[in-house]
$ cat data.cif   # mmCIF, C-alpha atoms and all ligand atoms
data_start
loop_
_atom_site.group_PDB
_atom_site.id
_atom_site.type_symbol
_atom_site.label_atom_id
_atom_site.label_comp_id
_atom_site.auth_asym_id
_atom_site.auth_seq_id
_atom_site.Cartn_x
_atom_site.Cartn_y
_atom_site.Cartn_z
ATOM 1 C CA MET A 829 2.017 6.343 -9.463
ATOM 2 C CA ARG A 830 3.735 8.488 -12.065
ATOM 3 C CA LEU A 831 4.478 7.455 -15.626
ATOM 4 C CA PHE A 832 8.088 7.010 -16.639
ATOM 5 C CA THR A 833 10.192 7.326 -19.766
ATOM 6 C CA CYS A 834 12.322 4.707 -21.455
ATOM 7 C CA PRO A 835 16.047 5.588 -21.128
ATOM 8 C CA ALA A 836 16.633 4.367 -24.685
ATOM 9 C CA CYS A 837 13.821 5.922 -26.727
ATOM 10 C CA GLY A 838 12.047 8.344 -24.382
ATOM 11 C CA GLU A 839 8.615 6.747 -24.810
ATOM 12 C CA THR A 840 6.316 6.208 -21.837
ATOM 13 C CA VAL A 841 6.924 3.119 -19.724
ATOM 14 C CA PHE A 842 4.919 1.887 -16.760
ATOM 15 C CA PHE A 843 6.117 1.053 -13.285
ATOM 16 C CA PRO A 844 5.975 -2.775 -13.694
ATOM 17 C CA ASN A 845 7.728 -2.810 -17.111
ATOM 18 C CA THR A 846 10.840 -4.942 -17.623
ATOM 19 C CA ASN A 847 11.288 -3.789 -21.203
ATOM 20 C CA CYS A 848 10.087 -1.073 -23.533
ATOM 21 C CA ALA A 849 8.158 -1.457 -26.787
ATOM 22 C CA CYS A 850 11.372 -0.270 -28.521
ATOM 23 C CA GLY A 851 13.061 -3.476 -27.381
ATOM 24 C CA ALA A 852 15.288 -1.977 -24.670
ATOM 25 C CA MET A 853 15.678 -4.020 -21.489
ATOM 26 C CA ILE A 854 15.150 -1.624 -18.606
ATOM 27 C CA ALA A 855 15.125 -1.572 -14.811
ATOM 28 C CA TYR A 856 13.598 0.809 -12.274
ATOM 29 C CA ASP A 857 16.111 2.507 -10.011
ATOM 30 C CA PRO A 858 14.251 3.307 -6.776
ATOM 31 C CA GLU A 859 16.922 5.773 -5.624
ATOM 32 C CA GLU A 860 16.937 7.686 -8.922
ATOM 33 C CA ARG A 861 13.160 7.292 -9.236
ATOM 34 C CA GLY A 862 13.308 6.404 -12.876
ATOM 35 C CA PHE A 863 14.088 3.741 -15.439
ATOM 36 C CA VAL A 864 17.680 3.015 -16.415
ATOM 37 C CA PRO A 865 19.269 0.657 -18.945
ATOM 38 C CA LEU A 866 19.506 -2.873 -17.562
ATOM 39 C CA VAL A 867 22.977 -3.055 -16.024
ATOM 40 C CA ASP A 868 22.594 -4.176 -12.448
ATOM 41 C CA PRO A 869 19.361 -6.190 -12.147
ATOM 42 C CA CYS A 870 17.869 -7.499 -8.916
ATOM 43 C CA ARG A 871 18.830 -11.119 -8.400
ATOM 44 C CA ASN A 872 15.115 -12.025 -8.512
ATOM 45 C CA ARG A 873 14.607 -10.603 -11.991
ATOM 46 C CA GLU A 874 15.046 -13.940 -13.759
ATOM 47 C CA ILE A 875 12.856 -15.767 -11.242
ATOM 48 C CA ILE A 876 9.911 -13.416 -10.589
ATOM 49 C CA ALA A 877 10.445 -10.576 -13.092
ATOM 50 C CA CYS A 878 11.432 -8.089 -10.398
ATOM 51 C CA ASN A 879 12.298 -4.966 -12.406
ATOM 52 C CA TRP A 880 14.234 -3.008 -9.761
ATOM 53 C CA THR A 881 17.975 -2.428 -9.733
ATOM 54 C CA ALA A 882 20.110 -4.257 -7.201
ATOM 55 C CA VAL A 883 21.573 -2.785 -4.063
ATOM 56 C CA GLU A 884 24.079 -4.657 -1.924
ATOM 57 C CA GLY A 885 23.672 -8.409 -1.795
ATOM 58 C CA GLY A 886 22.386 -8.567 -5.328
ATOM 59 C CA PHE A 887 18.766 -8.030 -4.386
ATOM 60 C CA CYS A 888 16.831 -4.805 -4.842
ATOM 61 C CA ARG A 889 15.722 -2.778 -1.820
ATOM 62 C CA SER A 890 12.262 -4.385 -1.919
ATOM 63 C CA CYS A 891 13.325 -8.017 -2.374
ATOM 64 C CA ALA A 892 15.965 -7.508 0.339
ATOM 65 C CA MET A 893 13.119 -6.861 2.824
ATOM 66 C CA THR A 894 11.646 -10.310 2.095
ATOM 67 C CA GLU A 895 13.160 -12.761 4.555
ATOM 68 C CA VAL A 896 11.020 -15.730 3.615
ATOM 69 C CA VAL A 897 9.725 -16.393 0.099
ATOM 70 C CA PRO A 898 6.860 -18.769 -0.688
ATOM 71 C CA ASP A 899 7.648 -22.439 -1.030
ATOM 72 C CA HIS A 900 7.815 -22.569 -4.825
ATOM 73 C CA PHE A 901 7.792 -26.313 -5.255
ATOM 74 C CA ARG A 902 5.128 -25.717 -7.912
ATOM 75 C CA ASP A 903 4.948 -23.085 -10.657
ATOM 76 C CA GLU A 904 1.675 -21.635 -9.372
ATOM 77 C CA ASN A 905 3.445 -20.467 -6.211
ATOM 78 C CA LEU A 906 6.184 -18.845 -8.254
ATOM 79 C CA ALA A 907 3.508 -16.841 -10.088
ATOM 80 C CA LEU A 908 1.863 -15.867 -6.770
ATOM 81 C CA TRP A 909 5.225 -14.764 -5.383
ATOM 82 C CA ALA A 910 5.875 -12.647 -8.505
ATOM 83 C CA GLU A 911 2.483 -10.931 -8.173
ATOM 84 C CA ALA A 912 2.945 -10.384 -4.443
ATOM 85 C CA GLU A 913 6.361 -8.764 -4.921
ATOM 86 C CA GLN A 914 5.064 -6.544 -7.709
ATOM 87 C CA ASP A 915 2.334 -5.135 -5.450
ATOM 88 C CA LYS A 916 4.867 -4.690 -2.655
ATOM 89 C CA ARG A 917 7.181 -2.651 -4.907
ATOM 90 C CA ARG A 918 4.324 -0.311 -5.760
ATOM 91 C CA VAL A 919 3.434 0.305 -2.120
ATOM 92 C CA LEU A 920 7.088 0.789 -1.132
ATOM 93 C CA GLU A 921 7.646 3.224 -3.999
ATOM 94 C CA ASN A 922 4.631 5.268 -2.858
ATOM 95 C CA LEU A 923 5.955 5.393 0.713
ATOM 96 C CA ALA A 924 9.445 6.317 -0.510
ATOM 97 C CA LYS A 925 7.914 9.549 -1.803
ATOM 98 C CA TRP A 926 7.475 10.494 1.847
ATOM 99 C CA GLY A 927 10.965 9.242 2.697
ATOM 100 C CA TRP A 928 10.055 5.909 4.261
ATOM 101 C CA PHE A 929 12.447 2.933 3.998
ATOM 102 C CA THR A 930 14.741 4.673 1.503
ATOM 103 C CA ALA A 931 18.538 4.773 1.587
ATOM 104 C CA THR A 932 18.325 7.998 3.622
ATOM 105 C CA ASP A 933 15.713 6.769 6.130
ATOM 106 C CA PRO A 934 17.768 6.093 9.271
ATOM 107 C CA GLY A 935 15.053 3.970 10.905
ATOM 108 C CA PRO A 936 14.290 0.278 10.402
ATOM 109 C CA SER A 937 12.367 -1.080 7.420
ATOM 110 C CA PRO A 938 9.732 -3.791 7.775
ATOM 111 C CA ARG A 939 10.688 -7.406 7.173
ATOM 112 C CA PHE A 940 8.394 -9.634 5.146
ATOM 113 C CA HIS A 941 7.457 -13.277 5.181
ATOM 114 C CA LEU A 942 5.573 -14.080 1.986
ATOM 115 C CA LEU A 943 3.942 -17.431 2.601
ATOM 116 C CA ALA A 944 1.949 -19.835 0.440
ATOM 117 C CA GLU A 945 -0.888 -21.995 1.709
ATOM 118 C CA GLU A 946 0.022 -24.863 -0.618
ATOM 119 C CA THR A 947 3.425 -26.176 0.415
ATOM 120 C CA ARG A 948 5.365 -29.323 -0.324
ATOM 121 C CA ARG A 949 4.450 -30.471 3.181
ATOM 122 C CA GLY A 950 0.748 -29.902 2.585
ATOM 123 C CA GLU A 951 -1.768 -27.208 3.441
ATOM 124 C CA ALA A 952 -0.475 -24.410 5.698
ATOM 125 C CA GLN A 953 -2.534 -21.925 7.685
ATOM 126 C CA VAL A 954 -1.260 -18.407 6.920
ATOM 127 C CA THR A 955 -2.601 -15.405 8.827
ATOM 128 C CA MET A 956 -1.641 -11.977 7.531
ATOM 129 C CA GLY A 957 -0.462 -9.548 10.141
ATOM 130 C CA HIS A 958 2.247 -7.385 11.647
ATOM 131 C CA ALA A 959 4.253 -8.099 14.785
ATOM 132 C CA ASN A 960 7.485 -6.370 15.860
ATOM 133 C CA GLY A 961 8.428 -5.203 12.380
ATOM 134 C CA LEU A 962 7.644 -8.542 10.734
ATOM 135 C CA ILE A 963 4.845 -8.532 8.175
ATOM 136 C CA THR A 964 3.333 -11.861 7.169
ATOM 137 C CA MET A 965 1.598 -11.918 3.803
ATOM 138 C CA ASN A 966 -0.487 -14.742 2.389
ATOM 139 C CA VAL A 967 0.356 -14.981 -1.313
ATOM 140 C CA ALA A 968 -2.726 -17.174 -1.901
ATOM 141 C CA GLU A 969 -4.558 -13.850 -2.262
ATOM 142 C CA SER A 970 -2.418 -12.884 -5.232
ATOM 143 C CA ASP A 971 -4.733 -15.279 -7.089
ATOM 144 C CA PRO A 972 -7.711 -13.122 -8.179
ATOM 145 C CA VAL A 973 -10.235 -15.950 -7.819
ATOM 146 C CA GLU A 974 -9.101 -16.679 -4.279
ATOM 147 C CA LEU A 975 -9.103 -12.973 -3.460
ATOM 148 C CA LEU A 976 -12.683 -12.566 -4.669
ATOM 149 C CA ARG A 977 -13.836 -15.669 -2.805
ATOM 150 C CA ARG A 978 -12.467 -14.289 0.473
ATOM 151 C CA ARG A 979 -13.833 -10.834 -0.208
ATOM 152 C CA GLU A 980 -17.323 -12.280 -0.683
ATOM 153 C CA GLN A 981 -16.970 -14.448 2.391
ATOM 154 C CA LEU A 982 -16.099 -11.402 4.505
ATOM 155 C CA SER A 983 -18.548 -9.037 2.721
ATOM 156 C CA GLU A 984 -15.792 -6.496 2.115
ATOM 157 C CA ARG A 985 -16.056 -3.625 -0.357
ATOM 158 C CA LEU A 986 -12.396 -3.752 -1.272
ATOM 159 C CA ARG A 987 -9.878 -6.536 -0.903
ATOM 160 C CA THR A 988 -6.577 -6.383 -2.781
ATOM 161 C CA MET A 989 -3.000 -7.294 -2.012
ATOM 162 C CA VAL A 990 -2.045 -3.626 -2.387
ATOM 163 C CA ALA A 991 -4.570 -2.797 0.352
ATOM 164 C CA HIS A 992 -3.218 -5.616 2.542
ATOM 165 C CA TYR A 993 0.329 -4.266 2.214
ATOM 166 C CA ARG A 994 -0.767 -0.727 3.000
ATOM 167 C CA HIS A 995 -2.702 -1.904 6.055
ATOM 168 C CA GLU A 996 0.106 -4.049 7.493
ATOM 169 C CA ILE A 997 2.822 -1.474 6.767
ATOM 170 C CA ALA A 998 0.623 1.112 8.514
ATOM 171 C CA HIS A 999 0.886 -0.977 11.706
ATOM 172 C CA PHE A 1000 4.665 -0.810 11.341
ATOM 173 C CA LEU A 1001 4.553 2.959 10.754
ATOM 174 C CA PHE A 1002 2.598 3.286 14.006
ATOM 175 C CA GLU A 1003 5.515 1.627 15.803
ATOM 176 C CA ARG A 1004 7.956 4.011 14.112
ATOM 177 C CA LEU A 1005 5.834 7.033 15.127
ATOM 178 C CA ARG A 1006 4.575 6.122 18.577
ATOM 179 C CA GLY A 1007 7.556 7.599 20.435
ATOM 180 C CA ARG A 1008 7.455 10.998 18.707
ATOM 181 C CA ASP A 1009 6.405 14.026 20.726
ATOM 182 C CA GLY A 1010 2.670 14.544 20.561
ATOM 183 C CA PHE A 1011 1.870 11.478 18.489
ATOM 184 C CA LEU A 1012 0.147 9.292 21.084
ATOM 185 C CA ASP A 1013 -1.815 12.148 22.651
ATOM 186 C CA GLY A 1014 -3.185 13.192 19.287
ATOM 187 C CA PHE A 1015 -3.782 9.602 18.307
ATOM 188 C CA ARG A 1016 -5.777 8.731 21.411
ATOM 189 C CA THR A 1017 -7.955 11.814 21.066
ATOM 190 C CA LEU A 1018 -9.014 10.808 17.558
ATOM 191 C CA PHE A 1019 -8.754 7.018 17.450
ATOM 192 C CA GLY A 1020 -9.202 5.993 21.083
ATOM 193 C CA ASP A 1021 -6.905 4.231 23.522
ATOM 194 C CA GLU A 1022 -4.823 1.602 21.740
ATOM 195 C CA ARG A 1023 -4.095 -0.077 25.098
ATOM 196 C CA ALA A 1024 -7.624 -1.575 25.058
ATOM 197 C CA ASP A 1025 -7.494 -5.409 25.030
ATOM 198 C CA TYR A 1026 -6.739 -6.304 21.423
ATOM 199 C CA GLY A 1027 -7.642 -9.998 21.481
ATOM 200 C CA GLU A 1028 -10.960 -9.300 23.169
ATOM 201 C CA ALA A 1029 -11.772 -6.522 20.680
ATOM 202 C CA LEU A 1030 -11.076 -8.745 17.679
ATOM 203 C CA THR A 1031 -13.089 -11.654 19.096
ATOM 204 C CA ARG A 1032 -15.994 -9.268 19.679
ATOM 205 C CA HIS A 1033 -15.674 -7.928 16.141
ATOM 206 C CA TYR A 1034 -15.718 -11.371 14.532
ATOM 207 C CA GLU A 1035 -18.579 -12.609 16.746
ATOM 208 C CA ASN A 1036 -20.898 -9.577 16.678
ATOM 209 C CA GLY A 1037 -19.712 -7.517 13.724
ATOM 210 C CA PRO A 1038 -19.019 -3.776 13.969
ATOM 211 C CA ARG A 1039 -20.934 -1.639 16.417
ATOM 212 C CA GLN A 1040 -24.049 0.232 15.279
ATOM 213 C CA GLY A 1041 -23.275 3.512 13.535
ATOM 214 C CA TRP A 1042 -19.626 2.683 12.737
ATOM 215 C CA GLN A 1043 -20.012 4.495 9.387
ATOM 216 C CA ALA A 1044 -20.033 7.918 11.056
ATOM 217 C CA ASP A 1045 -16.377 7.821 12.052
ATOM 218 C CA HIS A 1046 -14.753 4.688 10.584
ATOM 219 C CA VAL A 1047 -13.714 4.167 6.997
ATOM 220 C CA THR A 1048 -14.486 0.416 7.100
ATOM 221 C CA PRO A 1049 -16.330 -1.895 9.527
ATOM 222 C CA TYR A 1050 -13.010 -3.507 10.471
ATOM 223 C CA ALA A 1051 -11.629 -0.102 11.481
ATOM 224 C CA ALA A 1052 -14.228 -0.069 14.270
ATOM 225 C CA ALA A 1053 -12.731 -3.240 15.822
ATOM 226 C CA HIS A 1054 -9.855 -1.543 17.717
ATOM 227 C CA PRO A 1055 -7.886 1.760 17.589
ATOM 228 C CA HIS A 1056 -4.898 -0.085 16.082
ATOM 229 C CA GLU A 1057 -7.076 -1.375 13.233
ATOM 230 C CA ASP A 1058 -8.664 2.051 12.801
ATOM 231 C CA TRP A 1059 -5.183 3.545 12.359
ATOM 232 C CA ALA A 1060 -4.159 0.817 9.880
ATOM 233 C CA GLU A 1061 -7.358 1.116 7.836
ATOM 234 C CA THR A 1062 -7.281 4.930 7.843
ATOM 235 C CA ALA A 1063 -3.587 5.071 6.935
ATOM 236 C CA ALA A 1064 -4.184 2.548 4.132
ATOM 237 C CA HIS A 1065 -6.909 4.850 2.803
ATOM 238 C CA LEU A 1066 -4.611 7.853 2.939
ATOM 239 C CA MET A 1067 -2.175 5.820 0.802
ATOM 240 C CA HIS A 1068 -5.004 4.720 -1.553
ATOM 241 C CA LEU A 1069 -6.210 8.305 -1.985
ATOM 242 C CA THR A 1070 -2.757 9.770 -2.567
ATOM 243 C CA ASP A 1071 -1.964 7.098 -5.164
ATOM 244 C CA ILE A 1072 -5.349 7.633 -6.859
ATOM 245 C CA LEU A 1073 -4.625 11.348 -7.197
ATOM 246 C CA ASP A 1074 -1.006 10.818 -8.282
ATOM 247 C CA SER A 1075 -2.034 8.204 -10.874
ATOM 248 C CA ALA A 1076 -4.984 10.220 -12.203
ATOM 249 C CA LEU A 1077 -2.820 13.298 -12.742
ATOM 250 C CA ALA A 1078 -0.034 11.198 -14.320
ATOM 251 C CA ALA A 1079 -2.610 9.748 -16.721
ATOM 252 C CA GLY A 1080 -3.529 13.262 -17.839
ATOM 253 C CA MET A 1081 -6.782 13.730 -15.923
ATOM 254 C CA ARG A 1082 -7.321 17.247 -14.649
ATOM 255 C CA THR A 1083 -9.388 19.023 -12.038
ATOM 256 C CA GLU A 1084 -10.120 22.724 -11.555
ATOM 257 C CA ALA A 1085 -8.878 22.529 -7.972
ATOM 258 C CA LEU A 1086 -5.295 21.893 -9.089
ATOM 259 C CA THR A 1087 -3.751 24.226 -11.630
ATOM 260 C CA ASN A 1088 -0.007 23.769 -11.089
ATOM 261 C CA PRO A 1089 1.244 21.451 -13.881
ATOM 262 C CA ASP A 1090 4.042 20.191 -11.598
ATOM 263 C CA TYR A 1091 1.696 19.425 -8.714
ATOM 264 C CA ASP A 1092 2.895 16.502 -6.606
ATOM 265 C CA PRO A 1093 0.225 15.025 -4.292
ATOM 266 C CA TYR A 1094 2.944 13.582 -2.049
ATOM 267 C CA ARG A 1095 4.039 17.143 -1.217
ATOM 268 C CA GLU A 1096 0.549 18.479 -0.580
ATOM 269 C CA SER A 1097 0.313 19.872 2.950
ATOM 270 C CA ASP A 1098 -3.420 20.660 2.818
ATOM 271 C CA SER A 1099 -4.932 17.323 3.863
ATOM 272 C CA ASP A 1100 -8.489 18.402 3.105
ATOM 273 C CA LEU A 1101 -7.584 19.454 -0.425
ATOM 274 C CA LEU A 1102 -5.711 16.178 -0.996
ATOM 275 C CA VAL A 1103 -8.575 14.021 0.300
ATOM 276 C CA THR A 1104 -11.324 15.984 -1.438
ATOM 277 C CA THR A 1105 -9.549 16.023 -4.796
ATOM 278 C CA ALA A 1106 -8.572 12.349 -4.600
ATOM 279 C CA ALA A 1107 -12.074 11.326 -3.530
ATOM 280 C CA GLY A 1108 -13.414 13.368 -6.453
ATOM 281 C CA PHE A 1109 -11.318 11.274 -8.836
ATOM 282 C CA GLY A 1110 -12.557 8.174 -6.979
ATOM 283 C CA ILE A 1111 -16.176 9.131 -7.682
ATOM 284 C CA ALA A 1112 -15.290 9.861 -11.319
ATOM 285 C CA MET A 1113 -13.599 6.463 -11.627
ATOM 286 C CA ASN A 1114 -16.668 4.745 -10.164
ATOM 287 C CA HIS A 1115 -18.788 6.441 -12.828
ATOM 288 C CA VAL A 1116 -16.433 5.370 -15.630
ATOM 289 C CA ASN A 1117 -16.264 1.787 -14.302
ATOM 290 C CA ARG A 1118 -20.076 1.546 -14.467
ATOM 291 C CA ALA A 1119 -19.810 2.215 -18.209
ATOM 292 C CA MET A 1120 -18.154 -1.196 -18.454
ATOM 293 C CA GLY A 1121 -20.342 -2.917 -15.871
ATOM 294 C CA LEU A 1122 -17.420 -3.056 -13.456
ATOM 295 C CA ALA A 1123 -17.508 -2.621 -9.700
ATOM 296 C CA ASP A 1124 -16.743 0.757 -8.126
ATOM 297 C CA ALA A 1125 -13.044 1.528 -7.861
ATOM 298 C CA TYR A 1126 -13.345 3.501 -4.621
ATOM 299 C CA PRO A 1127 -16.595 2.500 -2.859
ATOM 300 C CA PHE A 1128 -16.170 4.489 0.371
ATOM 301 C CA VAL A 1129 -17.835 7.435 2.086
ATOM 302 C CA LEU A 1130 -15.521 9.866 3.874
ATOM 303 C CA THR A 1131 -17.373 11.659 6.669
ATOM 304 C CA PRO A 1132 -15.930 14.738 8.446
ATOM 305 C CA ALA A 1133 -14.789 12.537 11.379
ATOM 306 C CA ILE A 1134 -12.960 10.180 9.002
ATOM 307 C CA ARG A 1135 -11.386 13.148 7.194
ATOM 308 C CA GLU A 1136 -10.075 14.458 10.478
ATOM 309 C CA LYS A 1137 -8.372 11.118 11.127
ATOM 310 C CA LEU A 1138 -7.016 11.086 7.563
ATOM 311 C CA GLY A 1139 -5.571 14.541 8.196
ATOM 312 C CA PHE A 1140 -3.836 13.325 11.357
ATOM 313 C CA VAL A 1141 -2.367 10.294 9.554
ATOM 314 C CA HIS A 1142 -1.311 12.549 6.671
ATOM 315 C CA GLY A 1143 0.591 14.989 8.887
ATOM 316 C CA TRP A 1144 2.564 12.202 10.573
ATOM 317 C CA VAL A 1145 3.130 9.862 7.653
ATOM 318 C CA GLN A 1146 4.132 12.706 5.351
ATOM 319 C CA GLY A 1147 6.649 13.877 7.932
ATOM 320 C CA ARG A 1148 5.067 17.299 8.372
ATOM 321 C CA TYR A 1149 4.474 16.876 12.124
ATOM 322 C CA SER A 1150 7.846 15.226 12.656
ATOM 323 C CA PRO A 1151 10.340 14.428 9.889
ATOM 324 C CA VAL A 1152 11.068 10.822 8.913
ATOM 325 C CA ARG A 1153 14.053 9.840 10.994
HETATM 326 ZN ZN ZN A 1201 12.150 2.474 -25.381
HETATM 327 ZN ZN ZN A 1202 13.876 -7.312 -6.486
HETATM 328 ZN ZN ZN A 1203 -4.437 -4.874 11.178
#

$ encode --input "data.cif" --output "structure tokens"
Amino acid sequence: MRLFTCPACGETVFFPNTNCACGAMIAYDPEERGFVPLVDPCRNREIIACNWTAVEGGFCRSCAMTEVVPDHFRDENLALWAEAEQDKRRVLENLAKWGWFTATDPGPSPRFHLLAEETRRGEAQVTMGHANGLITMNVAESDPVELLRRREQLSERLRTMVAHYRHEIAHFLFERLRGRDGFLDGFRTLFGDERADYGEALTRHYENGPRQGWQADHVTPYAAAHPHEDWAETAAHLMHLTDILDSALAAGMRTEALTNPDYDPYRESDSDLLVTTAAGFGIAMNHVNRAMGLADAYPFVLTPAIREKLGFVHGWVQGRYSPVR
């Protein structure tokens, strides 16, 4: 994510800001890609501190994609909803850099159901997932304690709501891309045949764990469960890596590999350079985190086989193999 400037005083403001230190009330305009004076706020601004400008209907582009909001009979759920929408805006803004789900994207956008487990009618079972353009998110995981508990339970190296959004939206992107010339052939060569029984594959994964040697060509154990999950995990990592690089450069970090001061990782066409440079920042961040006794920021190993898949995802998601349409 880039850094932004306050329209009133010109000082740096961050993507989630609703106001500047100078006192100006500001909003992020996702079409202009910058902060503007607060004139036309999203209708959810007062409720969940959404800081985007409104489009038609009074909601911003991101809130307009949310069809069902959490039952906010209690304040805790309101806070979870606010956190969940903030992470969603970040992921959507990243994808907009490649043209996805913007005003000029002629294809459909995903729809979201953001659901709470604690409802006025009692405990609800909420399973995150994607089906036919509908993404279900469990806002219980916007609570950091709950997130950590589940991460430990599943022995995962990374579990965040941002990662959940990237994974589920990746399933939707697959649906948008599957009909393009050459996509499925290339996909099946690298990821395997996605027509393999999905239910059976997931049952096997949860009963026996990932197959031996999954690390050689899968970015996470879950990616080894089924080609669809491999795509979603790999695409999520491409989004993680691109945002790591974009954010590191915006924060003033530099690397010898990139000398152009106006370099934009979202326009990089050399997938290997993008992945290698981003992963380099990931390793650097891990090192810095250890100075504070914190966990690694990017605890993953990218083998040549995984990089090849990342390159495939990159070409399609970036619109280089076939423009966003
Ligand atoms: Zn200001
Ligand atoms: Zn909004
Ligand atoms: Zn999935």

$ closest_atom_pairs --input "data.cif" --of "region 900-938 of chain A" --to "region 987-1011 of chain A" --cutoff "7 Å" --atoms "all atoms listed in the file" --output "JSON lines"
{"residue": "A:Asp915", "atom": "CA", "partner": "A:Val990", "partner_atom": "CA", "distance": 5.6}
{"residue": "A:Lys916", "atom": "CA", "partner": "A:Tyr993", "partner_atom": "CA", "distance": 6.7}
{"residue": "A:Val919", "atom": "CA", "partner": "A:Arg994", "partner_atom": "CA", "distance": 6.7}
{"residue": "A:Pro938", "atom": "CA", "partner": "A:Phe1000", "partner_atom": "CA", "distance": 6.9}

$ closest_residue --input "data.cif" --among "A:Gln1146, A:Ala1076, A:Pro1055, A:Ile854" --to "Asp1025 (chain A)" --atoms "only C-alpha atoms"
A:Pro1055

$ resolve_selection --input "data.cif" --expression "the PyMOL selection byres (((chain A and resi 1085-1101) around 7) and not hetatm)" --output "mmCIF file with C-alpha atoms, in the frame of the given file"
data_model
loop_
_atom_site.group_PDB
_atom_site.id
_atom_site.type_symbol
_atom_site.label_atom_id
_atom_site.label_comp_id
_atom_site.auth_asym_id
_atom_site.auth_seq_id
_atom_site.Cartn_x
_atom_site.Cartn_y
_atom_site.Cartn_z
ATOM 1 C CA LYS A 925 7.914 9.549 -1.803
ATOM 2 C CA TRP A 926 7.475 10.494 1.847
ATOM 3 C CA THR A 1070 -2.757 9.770 -2.567
ATOM 4 C CA LEU A 1073 -4.625 11.348 -7.197
ATOM 5 C CA ASP A 1074 -1.006 10.818 -8.282
ATOM 6 C CA THR A 1083 -9.388 19.023 -12.038
ATOM 7 C CA GLU A 1084 -10.120 22.724 -11.555
ATOM 8 C CA LEU A 1102 -5.711 16.178 -0.996
ATOM 9 C CA VAL A 1103 -8.575 14.021 0.300
ATOM 10 C CA THR A 1104 -11.324 15.984 -1.438
ATOM 11 C CA THR A 1105 -9.549 16.023 -4.796
ATOM 12 C CA GLY A 1139 -5.571 14.541 8.196
ATOM 13 C CA HIS A 1142 -1.311 12.549 6.671
#

$ resolve_selection --input "data.cif" --expression "the PyMOL selection byres (((chain A and resi 1122-1134) around 10) and not hetatm)" --output "PyMOL selection string"
chain A and resi 985-986+1018-1019+1043-1048+1058+1062+1065+1068-1069+1072+1100+1103-1104+1107+1109-1121+1135-1140

$ write_last_selection --input "data.cif" --atoms "C-alpha atoms" --output "tab-separated table (two decimals), in the frame of the given file"
chain	number	residue	atom	x	y	z
A	985	ARG	CA	-16.06	-3.62	-0.36
A	986	LEU	CA	-12.40	-3.75	-1.27
A	1018	LEU	CA	-9.01	10.81	17.56
A	1019	PHE	CA	-8.75	7.02	17.45
A	1043	GLN	CA	-20.01	4.50	9.39
A	1044	ALA	CA	-20.03	7.92	11.06
A	1045	ASP	CA	-16.38	7.82	12.05
A	1046	HIS	CA	-14.75	4.69	10.58
A	1047	VAL	CA	-13.71	4.17	7.00
A	1048	THR	CA	-14.49	0.42	7.10
A	1058	ASP	CA	-8.66	2.05	12.80
A	1062	THR	CA	-7.28	4.93	7.84
A	1065	HIS	CA	-6.91	4.85	2.80
A	1068	HIS	CA	-5.00	4.72	-1.55
A	1069	LEU	CA	-6.21	8.30	-1.98
A	1072	ILE	CA	-5.35	7.63	-6.86
A	1100	ASP	CA	-8.49	18.40	3.10
A	1103	VAL	CA	-8.57	14.02	0.30
A	1104	THR	CA	-11.32	15.98	-1.44
A	1107	ALA	CA	-12.07	11.33	-3.53
A	1109	PHE	CA	-11.32	11.27	-8.84
A	1110	GLY	CA	-12.56	8.17	-6.98
A	1111	ILE	CA	-16.18	9.13	-7.68
A	1112	ALA	CA	-15.29	9.86	-11.32
A	1113	MET	CA	-13.60	6.46	-11.63
A	1114	ASN	CA	-16.67	4.74	-10.16
A	1115	HIS	CA	-18.79	6.44	-12.83
A	1116	VAL	CA	-16.43	5.37	-15.63
A	1117	ASN	CA	-16.26	1.79	-14.30
A	1118	ARG	CA	-20.08	1.55	-14.47
A	1119	ALA	CA	-19.81	2.22	-18.21
A	1120	MET	CA	-18.15	-1.20	-18.45
A	1121	GLY	CA	-20.34	-2.92	-15.87
A	1135	ARG	CA	-11.39	13.15	7.19
A	1136	GLU	CA	-10.07	14.46	10.48
A	1137	LYS	CA	-8.37	11.12	11.13
A	1138	LEU	CA	-7.02	11.09	7.56
A	1139	GLY	CA	-5.57	14.54	8.20
A	1140	PHE	CA	-3.84	13.32	11.36

$ atom_distance --input "data.cif" --atom1 "CA of His958 (chain A)" --atom2 "CA of His941 (chain A)"
10.2 Å
